[in-house]
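upload_32.csv (CSV, C-alpha atoms)
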```
chain,number,residue,atom,x,y,z
A,183,MET,CA,0.0,0.0,0.0
A,184,LYS,CA,1.1,3.5,-0.7
A,185,ALA,CA,2.1,5.7,2.2
A,186,GLY,CA,-0.4,8.4,1.3
A,187,LEU,CA,-3.3,6.0,1.2
A,188,ARG,CA,-2.2,4.5,4.5
A,189,ARG,CA,-2.0,7.9,6.2
A,190,GLY,CA,-5.5,8.8,4.8
A,191,LEU,CA,-7.0,5.6,6.2
A,192,LEU,CA,-5.3,6.0,9.5
A,193,ALA,CA,-6.6,9.7,9.7
A,194,ALA,CA,-10.1,8.6,8.8
A,195,GLY,CA,-10.0,5.8,11.4
A,196,LEU,CA,-8.7,8.3,14.0
A,197,ALA,CA,-11.4,10.8,13.2
A,198,ALA,CA,-14.1,8.0,13.4
A,199,THR,CA,-12.7,6.9,16.8
A,200,LEU,CA,-12.7,10.4,18.2
A,201,ALA,CA,-16.2,11.1,16.9
A,202,ALA,CA,-17.4,7.9,18.5
A,203,VAL,CA,-15.7,8.7,21.9
A,204,PHE,CA,-17.3,12.2,22.0
A,205,LEU,CA,-20.7,11.2,20.7
A,206,LEU,CA,-21.3,7.9,22.3
A,207,ASP,CA,-19.4,8.1,25.6
A,208,ARG,CA,-21.5,10.0,28.1
A,209,PRO,CA,-20.0,9.5,31.5
A,210,GLU,CA,-22.6,11.6,33.4
A,211,GLU,CA,-25.3,9.1,32.4
A,212,THR,CA,-23.3,6.0,33.5
A,213,LEU,CA,-22.3,7.4,36.9
A,214,GLU,CA,-25.6,9.1,37.8
A,215,SER,CA,-29.2,8.2,37.3
A,216,PRO,CA,-30.4,7.3,33.8
A,217,THR,CA,-33.2,9.8,34.0
A,218,LYS,CA,-30.8,12.8,33.8
A,219,LYS,CA,-31.0,14.7,30.5
A,220,PRO,CA,-27.9,14.8,28.3
A,221,ALA,CA,-25.9,18.0,28.2
A,222,ALA,CA,-26.4,20.4,25.3
A,223,SER,CA,-22.8,20.6,24.2
A,224,ALA,CA,-19.6,18.6,24.6
A,225,ARG,CA,-18.0,21.6,26.3
A,226,THR,CA,-20.6,21.7,29.1
A,227,SER,CA,-20.8,17.9,29.5
A,228,ALA,CA,-17.2,17.6,30.5
A,229,ALA,CA,-17.6,19.6,33.7
A,230,PRO,CA,-20.5,17.5,35.2
A,231,ALA,CA,-18.7,14.3,34.2
A,232,VAL,CA,-15.6,15.3,36.2
A,233,ALA,CA,-17.8,16.4,39.2
A,234,ALA,CA,-19.7,13.1,39.1
A,235,LEU,CA,-16.5,11.0,39.3
A,236,PRO,CA,-16.2,9.3,42.7
A,237,LYS,CA,-13.4,10.4,45.1
A,238,ALA,CA,-10.3,8.3,45.2
A,239,GLY,CA,-10.7,5.2,47.3
A,240,VAL,CA,-14.6,5.4,47.3
A,241,ALA,CA,-16.7,3.0,45.4
A,242,PRO,CA,-19.0,4.6,42.8
A,243,GLY,CA,-22.5,5.4,44.2
A,244,VAL,CA,-21.5,5.4,47.9
A,245,GLY,CA,-22.0,9.1,48.3
A,246,ARG,CA,-25.4,8.9,46.6
A,247,LEU,CA,-26.5,6.1,49.0
A,248,GLU,CA,-25.3,8.1,52.1
A,249,ALA,CA,-27.2,11.1,50.8
A,250,GLU,CA,-30.4,9.0,50.5
A,251,GLY,CA,-30.0,7.7,54.1
A,252,ALA,CA,-29.6,4.0,53.2
A,253,ASP,CA,-28.1,1.9,56.0
A,254,LEU,CA,-25.9,-0.6,54.3
A,255,PHE,CA,-25.1,-2.5,57.5
A,256,PRO,CA,-28.1,-2.3,59.9
A,257,ALA,CA,-27.7,-3.6,63.4
A,258,ARG,CA,-29.1,-7.1,63.9
A,259,SER,CA,-30.1,-9.0,67.0
A,260,TRP,CA,-29.9,-12.8,67.0
A,261,ARG,CA,-32.3,-13.1,69.9
A,262,PRO,CA,-35.5,-14.8,68.9
A,263,ALA,CA,-38.5,-12.5,68.4
A,264,PRO,CA,-40.8,-12.2,71.4
A,265,PRO,CA,-44.0,-14.2,71.1
A,266,PRO,CA,-47.0,-12.3,69.8
A,267,ALA,CA,-49.2,-10.8,72.4
A,268,ALA,CA,-52.2,-12.9,73.4
A,269,PRO,CA,-55.4,-11.6,71.9
A,270,VAL,CA,-57.5,-9.6,74.3
A,271,PRO,CA,-60.7,-11.5,75.0
A,272,PRO,CA,-63.9,-9.6,74.1
A,273,SER,CA,-65.6,-7.8,77.0
A,274,ALA,CA,-68.9,-6.2,77.6
A,275,PRO,CA,-69.2,-2.5,76.9
A,276,PRO,CA,-69.8,-0.2,79.9
A,277,LEU,CA,-73.3,-0.1,81.1
A,278,PRO,CA,-75.3,2.5,79.3
A,279,TYR,CA,-77.7,3.1,82.2
A,280,GLU,CA,-77.6,5.6,85.0
A,281,TYR,CA,-79.3,5.1,88.3
A,282,LYS,CA,-82.0,7.7,89.0
A,283,GLY,CA,-84.0,6.2,91.9
A,284,ARG,CA,-85.6,3.3,93.6
A,285,LEU,CA,-89.1,2.3,94.6
A,286,GLU,CA,-90.1,-0.5,97.1
A,287,GLU,CA,-93.7,-1.7,96.5
A,288,GLY,CA,-95.3,-4.8,97.7
A,289,GLY,CA,-92.0,-6.4,98.8
A,290,GLN,CA,-90.5,-6.0,95.3
A,291,SER,CA,-87.8,-3.4,94.4
A,292,ARG,CA,-88.1,-1.4,91.3
A,293,VAL,CA,-85.2,0.8,90.0
A,294,PHE,CA,-85.4,3.9,87.8
A,295,LEU,CA,-82.7,3.9,85.2
A,296,ALA,CA,-81.9,6.4,82.5
A,297,ARG,CA,-80.4,5.7,79.1
A,298,GLN,CA,-79.8,8.9,77.2
A,299,GLN,CA,-83.2,10.6,77.2
A,300,THR,CA,-85.2,7.5,78.0
A,301,MET,CA,-86.4,6.6,81.5
A,302,LEU,CA,-86.8,2.9,82.4
A,303,VAL,CA,-88.4,1.2,85.4
A,304,VAL,CA,-86.9,-2.2,85.9
A,305,LYS,CA,-87.2,-5.2,88.3
A,306,GLN,CA,-85.4,-8.5,88.8
A,307,GLY,CA,-85.9,-10.8,85.7
A,308,ASP,CA,-86.4,-8.0,83.1
A,309,THR,CA,-84.4,-7.9,79.8
A,310,LEU,CA,-83.3,-4.5,78.6
A,311,ASP,CA,-82.7,-3.7,74.9
A,312,GLY,CA,-82.3,-7.5,74.2
A,313,LEU,CA,-78.7,-7.2,75.6
A,314,TYR,CA,-78.9,-6.9,79.4
A,315,HIS,CA,-80.7,-9.2,81.8
A,316,VAL,CA,-81.5,-7.8,85.3
A,317,ASP,CA,-80.3,-10.6,87.6
A,318,ALA,CA,-80.8,-9.0,91.0
A,319,VAL,CA,-81.8,-5.7,92.6
A,320,THR,CA,-80.2,-5.2,96.0
A,321,PRO,CA,-80.3,-2.1,98.3
A,322,TRP,CA,-77.0,-0.8,96.8
A,323,THR,CA,-76.6,-2.4,93.3
A,324,VAL,CA,-78.4,-3.7,90.2
A,325,GLU,CA,-76.8,-6.8,88.9
A,326,PHE,CA,-76.8,-7.3,85.1
A,327,THR,CA,-75.7,-10.0,82.6
A,328,TYR,CA,-74.5,-8.9,79.2
A,329,LEU,CA,-76.3,-11.6,77.2
A,330,PRO,CA,-74.0,-11.8,74.0
A,331,LEU,CA,-71.0,-12.6,76.1
A,332,LYS,CA,-72.7,-13.9,79.3
A,333,GLN,CA,-70.6,-11.4,81.4
A,334,LYS,CA,-71.8,-10.1,84.8
A,335,GLN,CA,-71.9,-6.4,85.4
A,336,SER,CA,-73.2,-4.3,88.3
A,337,LEU,CA,-74.4,-0.7,88.7
A,338,SER,CA,-73.7,0.5,92.2
A,339,PHE,CA,-75.5,3.4,93.9
A,340,SER,CA,-76.0,4.7,97.4
A,341,LYS,CA,-79.4,4.3,99.1
```
Structure re-expressed in structure tokens:
Amino acid sequence: MKAGLRRGLLAAGLAATLAAVFLLDRPEETLESPTKKPAASARTSAAPAVAALPKAGVAPGVGRLEAEGADLFPARSWRPAPPPAAPVPPSAPPLPYEYKGRLEEGGQSRVFLARQQTMLVVKQGDTLDGLYHVDAVTPWTVEFTYLPLKQKQSLSFSK
């Protein structure tokens, strides 16, 4: 091959290589997130590429992880996890009745109770609202059973 042709081919190959390096190699996209927009010119793209290079002795991406707050080595305990808390058994709601008074008539005690704006007169054996059974009326308490759970409750009052 002639020397002139060889120089021309080498010059064309060198030009193609340099064009490929400047056009295809975009270091700011490889070191940072792929969503970053490419720079407008080769002169402005060189500065961010240098700024995005990691510091000597630091792996690429370490600074970014620290900025995001990622804990690479979280503390671990090898103790077994505590057993789950036992489920709380269901219980009767608080009594919705308020003591208002008492009446003794014919050896039987009747108690006046209020629920919101409603006044009730109850005696032993009555069922209230389909939820509460009046078990006993004593001089100081009214004993109830919450029927859905069969739980005893009492409403205390002074004579």
*Find, counting all atoms listed in the file, the residue in A:Ala263, A:Leu337, A:Val319, A:Leu329 that gets nearest to Tyr279 (chain A).*
A:Leu337
*Atomic distance CA of His315 (chain A) - CA of Phe294 (chain A), expressed in Å with one decimal*: 15.2 Å
*Neighbours of Arg292 (chain A) within 9 Å (only C-alpha atoms; same-chain residues fewer than 6 positions away dropped), as a PyMOL selection string?*
chain A and resi 283-286+303-306+319
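In terms of minimum interatomic distance to Ser338 (chain A), A:Val324 ranks closest within A:Ala202, A:Val324, A:Leu310, A:Ala193, counting only C-alpha atoms.
What separates CA of Asp311 (chain A) from CA of Pro269 (chain A) is a distance of 28.6 Å.
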*asked:* If I take CA of Pro278 (chain A) and CA of Ala296 (chain A), how far is one from the other in Å, to one decimal?
replied: 8.3 Å
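Of the listed residues (A:Gln335, A:Gln290, A:Arg258, A:Leu313), A:Gln335 comes nearest to Pro276 (chain A); the distances count only C-alpha atoms.
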Kindly provide, as JSON, the centre and edge lengths (Å, one decimal) of an axis-aligned box around all atoms of region 195-200 of chain A given in the file, with 4 Å on each side.
```
{"center_x": -11.4, "center_y": 8.3, "center_z": 14.8, "size_x": 13.4, "size_y": 13.0, "size_z": 14.8}
```
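Checking A:Tyr328, A:Ser291, A:Leu254, A:Trp322 one by one against Thr309 (chain A), counting all atoms listed in the file, you find the shortest gap at A:Tyr328.
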*Which protein, DNA or RNA residues are at most 10 Å from (-72.9, 0.6, 101.6) in the file's coordinates when you count only C-alpha atoms, listed as number ranges by chain?*
A: 321-323, 338-341
Selected residues written out with C-alpha atoms, as an mmCIF file, in the coordinates of the input:
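Written file, out11.cif:
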```cif
data_model
loop_
_atom_site.group_PDB
_atom_site.id
_atom_site.type_symbol
_atom_site.label_atom_id
_atom_site.label_comp_id
_atom_site.auth_asym_id
_atom_site.auth_seq_id
_atom_site.Cartn_x
_atom_site.Cartn_y
_atom_site.Cartn_z
ATOM 1 C CA PRO A 321 -80.300 -2.100 98.300
ATOM 2 C CA TRP A 322 -77.000 -0.800 96.800
ATOM 3 C CA THR A 323 -76.600 -2.400 93.300
ATOM 4 C CA SER A 338 -73.700 0.500 92.200
ATOM 5 C CA PHE A 339 -75.500 3.400 93.900
ATOM 6 C CA SER A 340 -76.000 4.700 97.400
ATOM 7 C CA LYS A 341 -79.400 4.300 99.100
#
```
*Can you work out which one of A:Phe326, A:Leu205, A:Pro266, A:Leu302 has the shortest atom-to-atom distance to Tyr281 (chain A), counting only C-alpha atoms?*
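Closest to Tyr281 (chain A), using only C-alpha atoms: A:Leu302.
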